[in-house]
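*Asks:* My questions all concern the structure below.
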Amino acid sequence: MVKAGVSTKAIIDYKLSRYACYLIVQNANPMFETVALGQTYFAIQTRKMELTEKEYSKLSEDEKRLYRRKQTRDGNKILYKIAKEKGVKNFDRFTNAGYKGLYNGEAADDIAKRKGLRYREDILDKMGSVELGANIFRITQTEALLEKQEKPNEENATHTHYKVGKAVRDTIEKLGGTMPEDLPTPEKSIKELEKDEFNKIINS
């Protein structure tokens, strides 16, 4: 409700998706400071998604984390969409199946406790680039296998997620890599890094 002279009236408020924000900002007048900052922000984010392998190798650990966290976000959106189509309704169980396979039986809550995370803090936000990489592989390979599942079947989809997580873990072990649960937890979360990036843009 807003005041209009001596009376009040109801107006519609909107919560925009990230894509809607992008379209509006890119087509608005950059003479306005907010628009200019928004265009700069999206230009930087787009550039991060266009990195070559050579460019990626030159990134700092924090930059690699930001890059790979974006990949896990996008990958999970696709994974959950496919999982729903394949009959998954209990997404907590489905999600934990993948983690249990990759983390030797640990569910998301177990990982969060081990990392000392705050309530509702996303475990993916407190992973280093190597650990995020293992989870990206888990996500993308589960997507590929679920696409091949002909009929909706929650049990099969959930087992597939566990199987892929376990296969990724077995591969890391065969290669002599560090198990995901033994990798260090970064001091800063992804949200803190993103806030730092945004402040750099504003202050530059």
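Each chain in the structure tokens gets a letter, A, B and so on, in the order shown; residues start at 1 in every chain, and ligands are counted from 1 in the order they appear.
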For the interface of segment 104-149 of chain A with segment 55-77 of chain A (cut-off 10 Å, counting only C-alpha atoms), please tabulate each contacting residue of segment 104-149 of chain A alongside its nearest pair of atoms and their separation in Å to one decimal, rows sorted by chain and increasing number, as JSON lines.
*Replies:*
{"residue": "A:Leu124", "atom": "CA", "partner": "A:Arg69", "partner_atom": "CA", "distance": 7.2}
{"residue": "A:Asp125", "atom": "CA", "partner": "A:Arg69", "partner_atom": "CA", "distance": 7.2}
{"residue": "A:Lys126", "atom": "CA", "partner": "A:Arg65", "partner_atom": "CA", "distance": 9.3}
{"residue": "A:Met127", "atom": "CA", "partner": "A:Arg65", "partner_atom": "CA", "distance": 7.7}
{"residue": "A:Gly128", "atom": "CA", "partner": "A:Arg65", "partner_atom": "CA", "distance": 6.0}
{"residue": "A:Ser129", "atom": "CA", "partner": "A:Arg65", "partner_atom": "CA", "distance": 4.7}
{"residue": "A:Val130", "atom": "CA", "partner": "A:Arg65", "partner_atom": "CA", "distance": 8.5}
{"residue": "A:Glu131", "atom": "CA", "partner": "A:Arg65", "partner_atom": "CA", "distance": 9.4}
{"residue": "A:Leu132", "atom": "CA", "partner": "A:Arg68", "partner_atom": "CA", "distance": 6.3}
{"residue": "A:Gly133", "atom": "CA", "partner": "A:Arg68", "partner_atom": "CA", "distance": 6.8}
{"residue": "A:Asn135", "atom": "CA", "partner": "A:Thr72", "partner_atom": "CA", "distance": 7.4}
{"residue": "A:Ile136", "atom": "CA", "partner": "A:Thr72", "partner_atom": "CA", "distance": 5.7}
{"residue": "A:Phe137", "atom": "CA", "partner": "A:Thr72", "partner_atom": "CA", "distance": 9.4}
{"residue": "A:Arg138", "atom": "CA", "partner": "A:Thr72", "partner_atom": "CA", "distance": 9.8}
{"residue": "A:Ile139", "atom": "CA", "partner": "A:Gly75", "partner_atom": "CA", "distance": 6.4}
{"residue": "A:Thr140", "atom": "CA", "partner": "A:Gly75", "partner_atom": "CA", "distance": 6.7}
{"residue": "A:Glu143", "atom": "CA", "partner": "A:Gly75", "partner_atom": "CA", "distance": 8.5}
*Asks:* Could you take the residues named above and write them with C-alpha atoms, as a PDB file, in the first residue's frame?
*Replies:*
ATOM      1  CA  LEU A 124      28.944 -26.010  -1.490  1.00  0.00           C
ATOM      2  CA  ASP A 125      29.727 -22.439  -0.413  1.00  0.00           C
ATOM      3  CA  LYS A 126      32.475 -23.719   1.904  1.00  0.00           C
ATOM      4  CA  MET A 127      34.331 -25.945  -0.564  1.00  0.00           C
ATOM      5  CA  GLY A 128      37.641 -25.338  -2.296  1.00  0.00           C
ATOM      6  CA  SER A 129      37.975 -25.536  -6.082  1.00  0.00           C
ATOM      7  CA  VAL A 130      39.132 -29.184  -6.050  1.00  0.00           C
ATOM      8  CA  GLU A 131      36.212 -30.325  -3.901  1.00  0.00           C
ATOM      9  CA  LEU A 132      33.798 -28.323  -6.059  1.00  0.00           C
ATOM     10  CA  GLY A 133      35.297 -29.979  -9.126  1.00  0.00           C
ATOM     11  CA  ASN A 135      30.913 -32.358  -7.126  1.00  0.00           C
ATOM     12  CA  ILE A 136      30.580 -30.887 -10.619  1.00  0.00           C
ATOM     13  CA  PHE A 137      31.596 -34.271 -12.041  1.00  0.00           C
ATOM     14  CA  ARG A 138      29.035 -35.991  -9.775  1.00  0.00           C
ATOM     15  CA  ILE A 139      26.300 -33.601 -10.923  1.00  0.00           C
ATOM     16  CA  THR A 140      26.987 -33.748 -14.665  1.00  0.00           C
ATOM     17  CA  GLU A 143      22.400 -35.765 -15.310  1.00  0.00           C
TER      18      GLU A 143
END
*Asks:* Applying 12 Å and only C-alpha atoms, which residues near Gln141 of chain A remain after dropping the ones on its own chain fewer than 6 positions away? List them as a ChimeraX atom specification.
*Replies:* /A:75-76,78-79,98,134-135,147-148,160-168
*Asks:* When you count only C-alpha atoms, which of these residues is closest to Asp109 of chain A: A:Thr142, A:Asn203, A:Asn96, A:Ser17?
*Replies:*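 That would be A:Asn96, the residue with the smallest distance to Asp109 of chain A.
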*Asks:* Using only C-alpha atoms, determine which residues lie at most 12 Å from Lys200 of chain A, disregarding the query and same-chain residues fewer than 5 positions distant; provide the list as an NGL selection string.
*Replies:* :A and (37 or 40-41 or 44 or 193-195)
*Asks:* So how many Å separate atom CA of Lys81 of chain A and atom CA of Glu155 of chain A, to one decimal?
*Replies:*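 Atom-to-atom, atom CA of Lys81 of chain A to atom CA of Glu155 of chain A, that is 16.2 Å.
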*Asks:* As an exercise, work out the distance from atom CA of Tyr119 of chain A to atom CA of Ala157 of chain A in Å and give it to one decimal place.
*Replies:*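 About the pair atom CA of Tyr119 of chain A and atom CA of Ala157 of chain A: they are 28.3 Å apart.
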*Asks:* DSSP on the backbone: what in chain A comes out alpha helix (DSSP H), as JSON, numbers by chain?
*Replies:* {"A": [18, 19, 20, 21, 22, 23, 24, 25, 26, 33, 34, 35, 36, 37, 38, 39, 40, 41, 42, 43, 44, 45, 46, 47, 48, 53, 54, 55, 56, 57, 61, 62, 63, 64, 65, 66, 67, 68, 69, 70, 71, 72, 73, 74, 75, 76, 77, 78, 79, 80, 81, 82, 83, 84, 85, 91, 92, 93, 94, 95, 96, 97, 98, 99, 100, 101, 102, 108, 109, 110, 111, 112, 113, 114, 115, 129, 130, 131, 132, 133, 134, 135, 136, 137, 138, 139, 140, 141, 142, 143, 144, 145, 146, 147, 148, 154, 155, 156, 157, 158, 159, 160, 161, 162, 163, 164, 165, 166, 167, 168, 169, 170, 171, 172, 173, 174, 190, 191, 192, 193, 194, 195, 196, 197, 198, 199, 200, 201, 202, 203]}
*Asks:* Would you mind telling me which residue in A:Asp182, A:Ala10, A:Leu23, A:Asn199 lies nearest to Tyr103 of chain A when using only C-alpha atoms?
*Replies:* A:Asp182
*Asks:* Record the distance separating atom CA of Met31 of chain A and atom CA of Val2 of chain A, expressed in Å with one decimal.
*Replies:*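 It comes out at 28.1 Å.
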*Asks:* Write out as a compact mmCIF listing (two decimals) with C-alpha atoms, in the first residue's frame which residues come within 7 Å of Ile11 of chain A when counting only C-alpha atoms, dropping same-chain ones fewer than 2 positions away.
*Replies:*
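Saved result, around-v4.txt, follows:
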# COMPACT_ATOMS: atom_id res chain seq x y z
CA MET A 1 0.00 0.00 0.00
CA LYS A 9 -3.82 2.49 -2.98
CA ASP A 13 5.53 -5.42 -6.32
*Asks:* List the neighbours of segment 115-117 of chain A out to 10 Å using only C-alpha atoms; skip same-chain residues closer than 2 positions along the sequence, and give me the result as a ChimeraX atom specification.
*Replies:* /A:109-113,119-123,125-127,181,184-186,189
*Asks:* With distances taken over only C-alpha atoms, which residue among A:Glu33, A:Glu197, A:Glu154, A:Glu106 lies nearest Phe91 of chain A?
*Replies:* A:Glu154
*Asks:* Nearest to Ile172 of chain A among A:Tyr14, A:Leu102, A:Glu150, A:Gly38, with distances taken over only C-alpha atoms: which residue is it?
*Replies:*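 Looking at the shortest contact to Ile172 of chain A, the residue is A:Leu102.
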